[in-house]
$ cat work-v2.txt   # compact mmCIF, C-alpha atoms
# COMPACT_ATOMS: atom_id res chain seq x y z
CA MET A 66 0.00 0.00 0.00
CA CYS A 67 3.04 2.24 0.08
CA GLY A 68 3.12 2.80 -3.67
CA SER A 69 1.14 2.01 -6.73
CA ASP A 70 2.04 -0.42 -9.50
CA GLU A 71 2.67 2.53 -11.79
CA ASP A 72 5.40 3.86 -9.48
CA ASP A 73 7.07 0.43 -9.35
CA SER A 74 7.10 0.03 -13.12
CA GLU A 75 8.44 3.58 -13.59
CA THR A 76 11.19 2.95 -11.04
CA GLU A 77 12.06 -0.33 -12.71
CA ARG A 78 12.18 1.32 -16.13
CA LEU A 79 14.49 4.10 -14.84
CA ARG A 80 16.77 1.52 -13.20
CA ASP A 81 17.00 -0.50 -16.43
CA GLN A 82 17.74 2.66 -18.43
CA ARG A 83 20.54 3.68 -16.05
CA ILE A 84 22.10 0.21 -16.23
CA ALA A 85 21.98 0.26 -20.03
CA ASP A 86 23.53 3.77 -20.12
CA TYR A 87 26.30 2.65 -17.78
CA TYR A 88 27.19 -0.39 -19.90
CA MET A 89 27.20 1.71 -23.08
CA SER A 90 29.59 4.25 -21.52
CA VAL A 91 31.92 1.49 -20.34
CA LYS A 92 31.82 -0.16 -23.76
CA GLN A 93 32.69 3.11 -25.52
CA LYS A 94 35.66 3.68 -23.22
CA LYS A 95 37.05 0.21 -23.91
CA ALA A 96 37.07 0.28 -27.69
CA LEU A 97 38.75 -2.94 -28.73
CA PRO A 98 41.34 -2.93 -31.52
CA ALA A 99 40.10 -4.23 -34.84
CA GLU A 100 40.56 -7.95 -35.44
CA LYS A 101 43.11 -8.54 -38.17
CA SER A 102 44.25 -11.53 -40.18
CA ILE A 103 47.14 -12.39 -42.46
CA VAL A 104 46.05 -13.76 -45.81
CA VAL A 105 48.23 -15.55 -48.35
CA LEU A 106 46.72 -15.46 -51.83
CA GLU A 107 47.99 -17.95 -54.41
CA VAL A 108 47.64 -16.29 -57.81
CA LYS A 109 48.17 -18.55 -60.82
CA PRO A 110 48.96 -17.10 -64.27
CA TRP A 111 47.75 -18.48 -67.59
CA ASP A 112 51.15 -19.65 -68.81
CA SER A 113 54.90 -19.24 -68.43
CA ASP A 114 54.87 -16.14 -70.67
CA THR A 115 52.73 -14.13 -68.24
CA ASP A 116 54.62 -11.19 -66.74
CA LEU A 117 54.45 -11.85 -62.99
CA ASP A 118 55.92 -8.44 -62.15
CA ALA A 119 53.12 -6.68 -64.02
CA MET A 120 50.55 -9.00 -62.44
CA GLU A 121 51.90 -8.24 -58.97
CA ALA A 122 51.85 -4.49 -59.67
CA MET A 123 48.20 -4.70 -60.77
CA ILE A 124 47.23 -6.66 -57.67
CA ARG A 125 48.99 -4.20 -55.36
CA CYS A 126 47.02 -1.35 -56.98
CA ILE A 127 43.86 -2.74 -55.38
CA GLU A 128 42.93 -0.53 -52.44
CA MET A 129 40.29 -1.23 -49.82
CA ASP A 130 39.65 0.22 -46.42
CA GLY A 131 41.27 -2.22 -43.97
CA LEU A 132 43.63 -3.82 -46.54
CA VAL A 133 47.42 -3.52 -46.30
CA TRP A 134 49.62 -5.34 -48.79
CA SER A 135 52.80 -6.85 -47.43
CA LYS A 136 56.06 -6.19 -49.23
CA VAL A 137 56.55 -9.95 -49.42
CA ALA A 138 55.62 -11.86 -52.56
CA LYS A 139 57.03 -15.25 -53.49
CA ARG A 140 57.23 -17.08 -56.78
CA ILE A 141 56.54 -20.77 -56.40
CA PRO A 142 57.40 -23.10 -59.31
CA LEU A 143 54.46 -25.24 -60.46
CA GLY A 144 55.94 -27.06 -63.43
CA TYR A 145 56.63 -26.59 -67.13
CA GLY A 146 58.19 -23.20 -66.41
CA ILE A 147 55.01 -21.83 -64.82
CA GLU A 148 55.27 -20.07 -61.47
CA ARG A 149 52.47 -18.95 -59.19
CA LEU A 150 52.62 -15.76 -57.18
CA ASP A 151 52.04 -15.97 -53.44
CA ILE A 152 51.18 -12.50 -52.20
CA TYR A 153 50.62 -11.57 -48.58
CA ALA A 154 48.19 -9.06 -47.07
CA VAL A 155 46.91 -7.99 -43.68
CA VAL A 156 43.16 -7.43 -43.55
CA GLU A 157 40.75 -6.10 -40.95
CA ASN A 158 38.15 -8.84 -40.62
CA ASP A 159 35.18 -6.48 -40.25
CA LYS A 160 36.08 -4.31 -43.25
CA VAL A 161 37.53 -6.64 -45.89
CA SER A 162 35.91 -9.73 -47.32
CA VAL A 163 38.57 -12.10 -48.63
CA GLU A 164 36.09 -13.48 -51.16
CA GLU A 165 35.51 -9.97 -52.49
CA LEU A 166 39.26 -9.41 -52.68
CA VAL A 167 39.71 -12.65 -54.64
CA GLU A 168 36.96 -11.64 -57.07
CA THR A 169 38.60 -8.24 -57.53
CA ILE A 170 41.91 -9.90 -58.41
CA LYS A 171 40.17 -12.22 -60.89
CA VAL A 172 39.13 -9.13 -62.87
CA PHE A 173 42.67 -9.06 -64.32
CA GLU A 174 41.75 -11.99 -66.56
CA ASP A 175 44.55 -11.30 -69.07
CA TYR A 176 47.06 -12.22 -66.36
CA VAL A 177 45.19 -14.25 -63.72
CA GLN A 178 43.89 -17.76 -64.32
CA SER A 179 42.83 -18.45 -60.73
CA VAL A 180 43.23 -17.21 -57.16
CA ASP A 181 43.19 -19.44 -54.10
CA GLU A 182 43.34 -18.61 -50.43
CA GLY A 183 46.59 -20.30 -49.39
CA ALA A 184 46.48 -19.39 -45.71
CA PHE A 185 44.32 -17.35 -43.36
CA VAL A 186 45.78 -16.65 -39.93
CA LYS A 187 43.95 -14.53 -37.35
CA LEU A 188 46.19 -12.21 -35.36

$ encode --input "work-v2.txt" --output "structure tokens"
Amino acid sequence: MCGSDEDDSETERLRDQRIADYYMSVKQKKALPAEKSIVVLEVKPWDSDTDLDAMEAMIRCIEMDGLVWSKVAKRIPLGYGIERLDIYAVVENDKVSVEELVETIKVFEDYVQSVDEGAFVKL
């Protein structure tokens, strides 16, 4: 008989709002660093006559928010004089889709036969 049901529900609503505001302020103060991953892309040319230096330069021209190309690129012999290009990149998981990156590389169809994800390591 001390208070009505309306007062209890209003008090409960204010308490819930204050708790939610507190958690939001704590969450904003503790902004976590973006999750990143190292990706190794295996890019295969059409034949042994394909200029791998030009292909690498074209791939490195791709820019996306959250994508950083490593300076490391390796040529791996496949056979019959053909080499594939292994190129390394660091990506922010929330900003860069590796599938989208692979499709963007495949646009260079004069140079690129196929692109595979060789390794994906979360940091």

$ residues_around --input "work-v2.txt" --residues "Leu143 (chain A)" --least-positions-apart "6" --cutoff "12 Å" --atoms "all atoms listed in the file" --output "list in words"
Glu107, Val108, Lys109, Pro110, Trp111, Asp112, Ser113, Arg149, Leu150 and Asp151 of chain A

$ closest_residue --input "work-v2.txt" --among "A:Phe173, A:Lys101, A:Ala184, A:Gln178" --to "Ala122 (chain A)" --atoms "all atoms listed in the file"
A:Phe173

$ atom_distance --input "work-v2.txt" --atom1 "CA of Ser162 (chain A)" --atom2 "CA of Trp134 (chain A)"
14.5 Å

$ atom_distance --input "work-v2.txt" --atom1 "CA of Leu106 (chain A)" --atom2 "CA of Glu182 (chain A)"
4.8 Å

$ atom_distance --input "work-v2.txt" --atom1 "CA of Asp159 (chain A)" --atom2 "CA of Leu132 (chain A)"
10.9 Å
